[in-house]
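Read through the structure below, which is laid out as structure tokens, and then see the notes.
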Amino acid sequence: MPLGTIARLVEKQSSIGPVTVGCLNSLYHSVANLDVSCFSNDTIKQMLLQPINSAEDYCNTLKLSIDDTPPTRYMLCFNRKCNNSRDMPLSTYKDNNNCPCGSSPTLQLFLKLFGPRQGFVKGVATFVITDDLIVMPKGIDNASFGLFKEFGITNPSSMKEMVLNVTKQQVLDLLKCSLLSNSTLTDLFLVKKPSIGDSGFLSSDVEISGDLQITLKLFVRKSDGKILCAEGEQGFVNLLLSFLTFPLGGIARIFGENFSLGSINQLYKSMSELNDKDYFISEEAKKRLVDPCILPYLEISKPVLPICESGILDYYCHYGVSVIRFQYSKDIEGKSYVDNLLQTNLSKMVCPEGYLKGLAMYVATDDLVISPLSPISVLGLHERFETPLDDLKEKIVTIGVKECLGILKASLTSSSALTNGLAHLVTDLKEK
């Protein structure tokens with residue numbers, strides 16, 4: 001799931017109630033509160049608030065799906081003059097936008113896996129899932145008595161077995177618990193309230209190459225070194241908004257062992273270690289989980305933070321005589337006996353210049369509330385922080401990929417994304 005979808009789901013009512021994940025909630029709400037006139041076009045705001053899942057065609061087959069993002073509609077153009085290559089005789093584009101060739105939409109399509117498949121793993125596979133969401137194949141090594149020994153249980157009679165029917169609401173609670181706690185199943189099925197673990201920010205040595213440079217003006221409280229807010233141009237805001245498009249699995253892949261967000265790291269690592277041939281319906285199904293991409297609908301001409309590659313997924317379109325026509329994923333088995341398959345892809349850039357318009361200046365608070373910069377907004381921030389003017393210091397800094405990764409990680413693990421992500425840039429301003 002993209003972070004924007006997660007931010008929306010964790011605020012839904014359930015047995016646990018709404019929860020807060022770092023700065024993710026405040027970032028999401030600030031985008032929702034921005035006037036649509038701030039964005040480059042009319043669709044960007046909605047696509048940031050409801051980002052498309054790159055594994056949508058797999059997720060829409062789940063027995064219990066909690067993702068309330070509307071199914072993506074694609075329009076097919078039959079004008080063969082718009083070919084980009086011989087390998088793409090058809091072109092697709094989102095919603096009702098005109099095709100680059102100028103033609104109007106002619107056919108609406110929805111992604112669909114071929115055949116009676118559900119989810120990512122094989123239907124015959126059985127798994128054991130530990131309290132912190134480590135997923136293991138059920139075998140001799142992972143049988144009940146083997147697990148008892150691993151967990152230090154010497155008397156099996158002290159254990160109680162429960163048979164549960166998991167509901168859709170409990171899946172939503174499962175998501176909330178997994179983001180906050182290392183005892184996810186205990187919190188979900190026994191306590192009904194997540195035991196929030198250590199969510200403190202840990203610095204990271206993760207390195208991603210890039211020549212990204214963004215200039216910011218930081219407003220720092222000298223007495224404690226807290227960055228109250230940062231002022232920047234479009235590039236800075238593009239960076240923060242792009243967080244909502246990142247799939248959580250991609251973030252777990254980049255940070256690896258340096259990533260601590262509830263039980264997510266254990267879940268990701270255990271899934272990446274499962275053999276794709278034995279347990280997944282296909283190699284592609286596993287790849288969608290452990291190496292997810294960002295679909296190119298929200299791609300800008302110069303990616304702000306190349307944490308996940310922008311992916312163009314190949315699909316095949318069945319255009320038989322039937323009025324109902326679907327797209328099928330390229331990795332389907334048995335596609336050779338489906339007549340009239342034409343290869344296409346789902347690439348469409350809707351915001352080549354950036355998410356927001358022009359050269360306007362914006363301000364972002366420590367918890368990533370974004371707003372256009374104005375004298376009124378500056379006054380409001382001053383009143384909000386209740387900090388004497390002689391305790392404030394301005395500092396101009398230039399941040400690169402390292403600092404951007406720090407802000408991203410801190411936004412998921414703390415309520416002070418700027419202070420934790422950029423702390424090494426303002427140590428000289430803190431007064432003892």
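Identifiers in this document derive from the order of the structure tokens: chains are assigned A, B, ..., residues are numbered from 1 separately in each chain, and ligands are numbered from 1 in order of occurrence.
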Give me, as a Markdown table, each residue of region 409-431 of chain A that comes within 10 Å of region 210-232 of chain A, together with its shortest interatomic pair and the distance in Å at one decimal, counting only C-alpha atoms, with rows ordered by chain and rising residue number.
| residue | atom | partner | partner_atom | distance |
| --- | --- | --- | --- | --- |
| A:Ser416 | CA | A:Ile227 | CA | 8.3 |
| A:Ala417 | CA | A:Ile227 | CA | 9.1 |
| A:Leu418 | CA | A:Ile227 | CA | 6.2 |
| A:Thr419 | CA | A:Ile227 | CA | 5.0 |
| A:Asn420 | CA | A:Lys226 | CA | 8.7 |
| A:Gly421 | CA | A:Ile227 | CA | 10.0 |
| A:Leu422 | CA | A:Ile227 | CA | 8.4 |
| A:Ala423 | CA | A:Gly225 | CA | 7.9 |
| A:Leu425 | CA | A:Leu218 | CA | 9.8 |
| A:Val426 | CA | A:Gly225 | CA | 6.9 |
| A:Thr427 | CA | A:Gly225 | CA | 6.9 |
| A:Asp428 | CA | A:Gly225 | CA | 8.8 |
| A:Leu429 | CA | A:Lys222 | CA | 5.7 |
| A:Lys430 | CA | A:Gly225 | CA | 4.5 |
| A:Glu431 | CA | A:Ser223 | CA | 5.2 |
Serialized selection, N, CA, C and O atoms, as an mmCIF file, in the first residue's frame:
data_model
loop_
_atom_site.group_PDB
_atom_site.id
_atom_site.type_symbol
_atom_site.label_atom_id
_atom_site.label_comp_id
_atom_site.auth_asym_id
_atom_site.auth_seq_id
_atom_site.Cartn_x
_atom_site.Cartn_y
_atom_site.Cartn_z
ATOM 1 N N SER A 416 8.361 14.727 14.801
ATOM 2 C CA SER A 416 9.277 15.836 14.521
ATOM 3 C C SER A 416 10.173 15.449 13.348
ATOM 4 O O SER A 416 11.360 15.156 13.509
ATOM 5 N N ALA A 417 9.589 15.464 12.161
ATOM 6 C CA ALA A 417 10.313 14.991 10.979
ATOM 7 C C ALA A 417 11.493 15.885 10.638
ATOM 8 O O ALA A 417 12.566 15.396 10.265
ATOM 9 N N LEU A 418 11.325 17.197 10.744
ATOM 10 C CA LEU A 418 12.399 18.107 10.377
ATOM 11 C C LEU A 418 13.509 18.110 11.428
ATOM 12 O O LEU A 418 14.692 18.067 11.106
ATOM 13 N N THR A 419 13.114 18.174 12.702
ATOM 14 C CA THR A 419 14.117 18.195 13.770
ATOM 15 C C THR A 419 14.968 16.937 13.759
ATOM 16 O O THR A 419 16.195 16.988 13.843
ATOM 17 N N ASN A 420 14.344 15.780 13.638
ATOM 18 C CA ASN A 420 15.085 14.522 13.651
ATOM 19 C C ASN A 420 15.819 14.266 12.343
ATOM 20 O O ASN A 420 16.926 13.732 12.336
ATOM 21 N N GLY A 421 15.193 14.634 11.235
ATOM 22 C CA GLY A 421 15.813 14.375 9.942
ATOM 23 C C GLY A 421 16.955 15.307 9.608
ATOM 24 O O GLY A 421 17.852 14.954 8.838
ATOM 25 N N LEU A 422 16.946 16.538 10.185
ATOM 26 C CA LEU A 422 17.963 17.541 9.853
ATOM 27 C C LEU A 422 18.751 18.005 11.065
ATOM 28 O O LEU A 422 19.394 19.050 11.036
ATOM 29 N N ALA A 423 18.729 17.205 12.129
ATOM 30 C CA ALA A 423 19.356 17.624 13.386
ATOM 31 C C ALA A 423 20.833 17.964 13.213
ATOM 32 O O ALA A 423 21.353 18.894 13.842
ATOM 33 N N LEU A 425 22.292 19.449 10.987
ATOM 34 C CA LEU A 425 22.527 20.734 10.313
ATOM 35 C C LEU A 425 22.356 21.926 11.257
ATOM 36 O O LEU A 425 22.726 23.048 10.880
ATOM 37 N N VAL A 426 21.799 21.696 12.448
ATOM 38 C CA VAL A 426 21.499 22.830 13.336
ATOM 39 C C VAL A 426 22.123 22.657 14.718
ATOM 40 O O VAL A 426 21.758 23.364 15.657
ATOM 41 N N THR A 427 23.063 21.748 14.869
ATOM 42 C CA THR A 427 23.662 21.543 16.191
ATOM 43 C C THR A 427 24.365 22.783 16.695
ATOM 44 O O THR A 427 24.444 23.020 17.908
ATOM 45 N N ASP A 428 24.873 23.608 15.801
ATOM 46 C CA ASP A 428 25.602 24.806 16.207
ATOM 47 C C ASP A 428 24.683 25.897 16.724
ATOM 48 O O ASP A 428 25.150 26.878 17.323
ATOM 49 N N LEU A 429 23.346 25.735 16.540
ATOM 50 C CA LEU A 429 22.406 26.765 16.952
ATOM 51 C C LEU A 429 21.805 26.462 18.329
ATOM 52 O O LEU A 429 21.174 27.330 18.926
ATOM 53 N N LYS A 430 21.973 25.250 18.814
ATOM 54 C CA LYS A 430 21.364 24.883 20.088
ATOM 55 C C LYS A 430 22.152 25.462 21.241
ATOM 56 O O LYS A 430 23.369 25.331 21.321
ATOM 57 N N GLU A 431 21.446 26.138 22.153
ATOM 58 C CA GLU A 431 22.080 26.735 23.329
ATOM 59 C C GLU A 431 21.948 25.801 24.515
ATOM 60 O O GLU A 431 20.875 25.293 24.804
#
Task: Near-region 180-196 of chain A list (12 Å; only C-alpha atoms; drop same-chain fewer than 2 positions) as a ChimeraX atom specification - done: /A:10,14-22,129-134,162-167,169-178,198-200,260-267,412-414
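For the set A:Ile370, A:Val401, A:Val237, A:Ile254, the residue with the smallest atom-to-atom gap to Tyr28 (chain A) is A:Ile370, counting only C-alpha atoms.
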TODO: Run DSSP on the backbone of this structure and report the residues of region 191-288 of chain A it assigns to helix (DSSP H, G or I), as an NGL selection string.
DONE: :A and (191 or 234-245 or 248-258 or 264-273 or 276-279 or 283-288)
- [ ] Between CA of Phe127 (chain A) and CA of Pro247 (chain A), measure the distance and give it in Å to one decimal.
- [x] 24.2 Å
Open item on the list: Show me, as a ChimeraX atom specification, the residues that have an atom within 10 Å of region 3-5 of chain A when counting only C-alpha atoms, minus same-chain residues fewer than 4 positions from it.
Closed with: /A:9-10,24-25,27-28,47-53,67-69,241-249,251,412
Selected residues, N, CA, C and O atoms, written as a compact mmCIF listing (two decimals), in the first residue's frame, please.
# COMPACT_ATOMS: atom_id res chain seq x y z
N LEU A 9 -6.44 5.10 5.93
CA LEU A 9 -7.06 3.95 6.57
C LEU A 9 -6.89 3.95 8.09
O LEU A 9 -7.80 3.56 8.82
N VAL A 10 -5.73 4.39 8.60
CA VAL A 10 -5.49 4.31 10.04
C VAL A 10 -6.35 5.29 10.82
O VAL A 10 -6.45 5.19 12.04
N LEU A 24 2.66 11.19 9.37
CA LEU A 24 1.94 10.81 8.16
C LEU A 24 0.53 11.40 8.15
O LEU A 24 0.06 11.89 7.11
N ASN A 25 -0.15 11.38 9.28
CA ASN A 25 -1.51 11.90 9.34
C ASN A 25 -1.55 13.39 9.05
O ASN A 25 -2.40 13.87 8.28
N LEU A 27 0.66 15.25 7.45
CA LEU A 27 1.01 15.51 6.06
C LEU A 27 -0.18 15.27 5.15
O LEU A 27 -0.49 16.07 4.26
N TYR A 28 -0.88 14.16 5.38
CA TYR A 28 -2.05 13.83 4.56
C TYR A 28 -3.12 14.92 4.68
O TYR A 28 -3.69 15.37 3.68
N MET A 47 -5.19 12.35 -6.64
CA MET A 47 -4.30 11.21 -6.84
C MET A 47 -3.27 11.11 -5.72
O MET A 47 -2.76 10.03 -5.44
N LEU A 48 -2.95 12.23 -5.06
CA LEU A 48 -2.08 12.17 -3.89
C LEU A 48 -2.83 11.64 -2.68
O LEU A 48 -2.27 10.92 -1.84
N LEU A 49 -4.12 11.99 -2.58
CA LEU A 49 -4.93 11.53 -1.45
C LEU A 49 -5.40 10.10 -1.64
O LEU A 49 -5.69 9.40 -0.66
N GLN A 50 -5.49 9.66 -2.88
CA GLN A 50 -5.88 8.28 -3.18
C GLN A 50 -4.87 7.68 -4.18
O GLN A 50 -5.22 7.36 -5.30
N PRO A 51 -3.62 7.52 -3.76
CA PRO A 51 -2.59 7.03 -4.68
C PRO A 51 -2.87 5.60 -5.13
O PRO A 51 -3.40 4.79 -4.38
N ILE A 52 -2.48 5.31 -6.35
CA ILE A 52 -2.75 4.00 -6.93
C ILE A 52 -1.71 3.00 -6.44
O ILE A 52 -0.52 3.28 -6.39
N ASN A 53 -2.18 1.84 -6.08
CA ASN A 53 -1.33 0.75 -5.64
C ASN A 53 -0.77 0.03 -6.87
O ASN A 53 -1.53 -0.38 -7.74
N ASP A 67 -8.69 -1.71 1.52
CA ASP A 67 -8.34 -0.53 0.72
C ASP A 67 -9.59 0.03 0.07
O ASP A 67 -10.24 -0.62 -0.75
N ASP A 68 -9.95 1.26 0.43
CA ASP A 68 -11.16 1.88 -0.10
C ASP A 68 -10.88 2.77 -1.31
O ASP A 68 -11.75 3.55 -1.71
N THR A 69 -9.68 2.67 -1.86
CA THR A 69 -9.37 3.45 -3.07
C THR A 69 -10.22 2.94 -4.22
O THR A 69 -10.26 1.75 -4.50
N LEU A 241 5.35 15.92 -0.60
CA LEU A 241 4.13 15.34 -1.17
C LEU A 241 4.40 13.96 -1.76
O LEU A 241 3.53 13.08 -1.74
N SER A 242 5.61 13.76 -2.29
CA SER A 242 5.91 12.47 -2.91
C SER A 242 5.91 11.34 -1.88
O SER A 242 5.73 10.18 -2.25
N PHE A 243 6.07 11.67 -0.59
CA PHE A 243 6.03 10.62 0.43
C PHE A 243 4.72 9.83 0.36
O PHE A 243 4.70 8.63 0.59
N LEU A 244 3.63 10.50 0.05
CA LEU A 244 2.32 9.83 0.02
C LEU A 244 2.22 8.80 -1.09
O LEU A 244 1.39 7.90 -1.03
N THR A 245 3.08 8.91 -2.10
CA THR A 245 3.01 7.97 -3.22
C THR A 245 3.90 6.75 -3.00
O THR A 245 3.77 5.77 -3.72
N PHE A 246 4.80 6.79 -2.01
CA PHE A 246 5.74 5.69 -1.81
C PHE A 246 5.04 4.47 -1.23
O PHE A 246 4.33 4.58 -0.23
N PRO A 247 5.23 3.29 -1.81
CA PRO A 247 4.71 2.05 -1.20
C PRO A 247 5.53 1.71 0.04
O PRO A 247 6.76 1.84 0.04
N LEU A 248 4.85 1.27 1.09
CA LEU A 248 5.53 0.96 2.35
C LEU A 248 6.60 -0.11 2.17
O LEU A 248 7.67 -0.05 2.78
N GLY A 249 6.32 -1.10 1.33
CA GLY A 249 7.30 -2.15 1.09
C GLY A 249 8.59 -1.62 0.47
O GLY A 249 9.67 -2.13 0.74
N ILE A 251 9.88 1.34 1.04
CA ILE A 251 10.62 2.02 2.10
C ILE A 251 11.33 0.99 2.98
O ILE A 251 12.48 1.16 3.36
N LEU A 412 7.89 8.84 9.58
CA LEU A 412 7.17 7.61 9.90
C LEU A 412 7.36 7.17 11.35
O LEU A 412 6.59 6.36 11.85
Task: A:Leu305, A:Glu383, A:Phe280, A:Phe236 ranked by distance to Thr398 (chain A), top pick (using only C-alpha atoms) - done: A:Phe236
Task: Atom-to-atom span, CA of Ala360 (chain A) and CA of Leu34 (chain A), Å - done: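 One can read the CA of Ala360 (chain A) to CA of Leu34 (chain A) distance as 13.3 Å.
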Open item on the list: For the structure I just gave you, how does DSSP split region 110-256 of chain A - specifically, which residues are strand (DSSP E or B)? Reply as a PyMOL selection string.
Closed with: chain A and resi 111-112+121+127-129+135-137+214-221+226-232+247
Residue subset to file, keeping N, CA and C atoms, as a CSV table (one decimal), in the first residue's frame:
chain,number,residue,atom,x,y,z
A,111,LEU,N,-8.1,-3.3,-14.5
A,111,LEU,CA,-7.1,-4.4,-14.3
A,111,LEU,C,-7.7,-5.6,-13.7
A,112,LYS,N,-7.3,-6.8,-14.2
A,112,LYS,CA,-7.9,-8.0,-13.8
A,112,LYS,C,-6.9,-9.1,-14.0
A,121,VAL,N,-0.2,-15.4,-2.6
A,121,VAL,CA,0.4,-16.7,-2.3
A,121,VAL,C,-0.5,-17.9,-2.8
A,127,PHE,N,0.8,-21.3,6.4
A,127,PHE,CA,1.8,-20.5,7.0
A,127,PHE,C,1.6,-20.4,8.5
A,128,VAL,N,2.7,-20.2,9.2
A,128,VAL,CA,2.7,-19.8,10.6
A,128,VAL,C,3.2,-18.4,10.7
A,129,ILE,N,2.4,-17.6,11.5
A,129,ILE,CA,2.7,-16.1,11.6
A,129,ILE,C,2.9,-15.8,13.1
A,135,VAL,N,6.5,-14.3,8.9
A,135,VAL,CA,5.7,-15.3,8.2
A,135,VAL,C,6.6,-16.5,7.8
A,136,MET,N,6.2,-17.7,8.2
A,136,MET,CA,7.0,-18.9,7.9
A,136,MET,C,6.1,-20.0,7.3
A,137,PRO,N,6.7,-20.7,6.4
A,137,PRO,CA,5.9,-21.9,5.9
A,137,PRO,C,5.7,-22.9,7.0
A,214,ILE,N,18.4,21.0,-2.5
A,214,ILE,CA,17.2,21.8,-2.2
A,214,ILE,C,17.6,22.8,-1.1
A,215,THR,N,17.4,24.1,-1.3
A,215,THR,CA,17.8,25.1,-0.4
A,215,THR,C,16.5,25.5,0.5
A,216,LEU,N,16.8,25.5,1.8
A,216,LEU,CA,15.7,25.8,2.8
A,216,LEU,C,16.1,26.9,3.7
A,217,LYS,N,15.2,27.6,4.3
A,217,LYS,CA,15.4,28.5,5.4
A,217,LYS,C,14.7,27.8,6.6
A,218,LEU,N,15.5,27.5,7.6
A,218,LEU,CA,15.0,26.8,8.8
A,218,LEU,C,14.8,27.8,9.9
A,219,PHE,N,13.8,27.7,10.7
A,219,PHE,CA,13.5,28.5,11.8
A,219,PHE,C,13.7,27.6,13.0
A,220,VAL,N,14.7,27.9,13.8
A,220,VAL,CA,15.1,27.0,14.9
A,220,VAL,C,15.0,27.7,16.2
A,221,ARG,N,14.5,26.9,17.2
A,221,ARG,CA,14.4,27.4,18.6
A,221,ARG,C,15.7,27.1,19.3
A,226,LYS,N,15.1,22.6,18.4
A,226,LYS,CA,13.9,22.2,17.7
A,226,LYS,C,13.7,23.0,16.4
A,227,ILE,N,13.6,22.4,15.3
A,227,ILE,CA,13.2,23.1,14.0
A,227,ILE,C,11.7,23.3,14.0
A,228,LEU,N,11.3,24.5,14.2
A,228,LEU,CA,9.9,24.8,14.2
A,228,LEU,C,9.2,24.7,12.9
A,229,CYS,N,9.9,25.2,11.8
A,229,CYS,CA,9.4,25.1,10.5
A,229,CYS,C,10.5,25.3,9.5
A,230,ALA,N,10.2,25.0,8.2
A,230,ALA,CA,11.1,25.3,7.1
A,230,ALA,C,10.4,26.0,6.0
A,231,GLU,N,11.1,26.9,5.4
A,231,GLU,CA,10.5,27.6,4.2
A,231,GLU,C,11.3,27.2,3.0
A,232,GLY,N,10.5,26.9,1.9
A,232,GLY,CA,11.2,26.4,0.7
A,232,GLY,C,10.3,26.6,-0.5
A,247,PRO,N,5.2,3.3,-1.8
A,247,PRO,CA,4.7,2.1,-1.2
A,247,PRO,C,5.5,1.7,0.0
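Taking CA of Asn258 (chain A) and CA of His424 (chain A) as the two end points, the separation is 18.0 Å.
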Task: Surrounding residues of Lys122 (chain A) excluding itself and chain neighbours under 3 positions, 7 Å, only C-alpha atoms, as a list of chain:residue names - done: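 Skipping anything fewer than 3 positions along the chain leaves A:Ala125, A:Tyr279, A:Phe280, A:Ile281.
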TODO: Please identify all polymer residues within 10 Å of Val290 (chain A), counting only C-alpha atoms, omitting same-chain residues fewer than 5 positions from it, and present them as a ChimeraX atom specification.
DONE: /A:248-253,268-269,271-273,285
Restricting the output to N, CA and C atoms, write the selected residues as a PDB file, in the first residue's frame.
ATOM      1  N   LEU A 248       4.854   1.265   1.092  1.00  0.00           N
ATOM      2  CA  LEU A 248       5.530   0.961   2.349  1.00  0.00           C
ATOM      3  C   LEU A 248       6.598  -0.113   2.173  1.00  0.00           C
ATOM      4  N   GLY A 249       6.321  -1.096   1.329  1.00  0.00           N
ATOM      5  CA  GLY A 249       7.301  -2.148   1.085  1.00  0.00           C
ATOM      6  C   GLY A 249       8.587  -1.624   0.466  1.00  0.00           C
ATOM      7  N   GLY A 250       8.492  -0.611  -0.363  1.00  0.00           N
ATOM      8  CA  GLY A 250       9.677  -0.009  -0.965  1.00  0.00           C
ATOM      9  C   GLY A 250      10.532   0.699   0.061  1.00  0.00           C
ATOM     10  N   ILE A 251       9.884   1.339   1.036  1.00  0.00           N
ATOM     11  CA  ILE A 251      10.619   2.015   2.103  1.00  0.00           C
ATOM     12  C   ILE A 251      11.325   0.988   2.984  1.00  0.00           C
ATOM     13  N   ALA A 252      10.626  -0.112   3.308  1.00  0.00           N
ATOM     14  CA  ALA A 252      11.248  -1.174   4.102  1.00  0.00           C
ATOM     15  C   ALA A 252      12.440  -1.774   3.368  1.00  0.00           C
ATOM     16  N   ARG A 253      12.351  -1.879   2.051  1.00  0.00           N
ATOM     17  CA  ARG A 253      13.459  -2.440   1.263  1.00  0.00           C
ATOM     18  C   ARG A 253      14.677  -1.520   1.305  1.00  0.00           C
ATOM     19  N   TYR A 268       8.237  -7.685   6.255  1.00  0.00           N
ATOM     20  CA  TYR A 268       8.875  -7.535   4.949  1.00  0.00           C
ATOM     21  C   TYR A 268      10.012  -8.537   4.765  1.00  0.00           C
ATOM     22  N   LYS A 269      10.873  -8.649   5.768  1.00  0.00           N
ATOM     23  CA  LYS A 269      12.032  -9.528   5.660  1.00  0.00           C
ATOM     24  C   LYS A 269      11.609 -10.988   5.481  1.00  0.00           C
ATOM     25  N   MET A 271       8.801 -12.139   4.221  1.00  0.00           N
ATOM     26  CA  MET A 271       8.203 -12.355   2.899  1.00  0.00           C
ATOM     27  C   MET A 271       9.275 -12.395   1.812  1.00  0.00           C
ATOM     28  N   SER A 272      10.308 -11.555   1.948  1.00  0.00           N
ATOM     29  CA  SER A 272      11.371 -11.538   0.939  1.00  0.00           C
ATOM     30  C   SER A 272      12.181 -12.828   0.952  1.00  0.00           C
ATOM     31  N   GLU A 273      12.187 -13.531   2.088  1.00  0.00           N
ATOM     32  CA  GLU A 273      12.950 -14.780   2.193  1.00  0.00           C
ATOM     33  C   GLU A 273      12.155 -16.000   1.761  1.00  0.00           C
ATOM     34  N   ALA A 285       4.335 -11.908  -8.651  1.00  0.00           N
ATOM     35  CA  ALA A 285       3.531 -11.624  -7.458  1.00  0.00           C
ATOM     36  C   ALA A 285       4.422 -11.279  -6.271  1.00  0.00           C
TER      37      ALA A 285
END
TODO: Find the spatial neighbours of Lys287 (chain A), counting only C-alpha atoms, within a cut-off of 10 Å - ignore same-chain residues fewer than 5 positions away - and output them as a PyMOL selection string.
DONE: chain A and resi 55+272+276+280+282+292-293
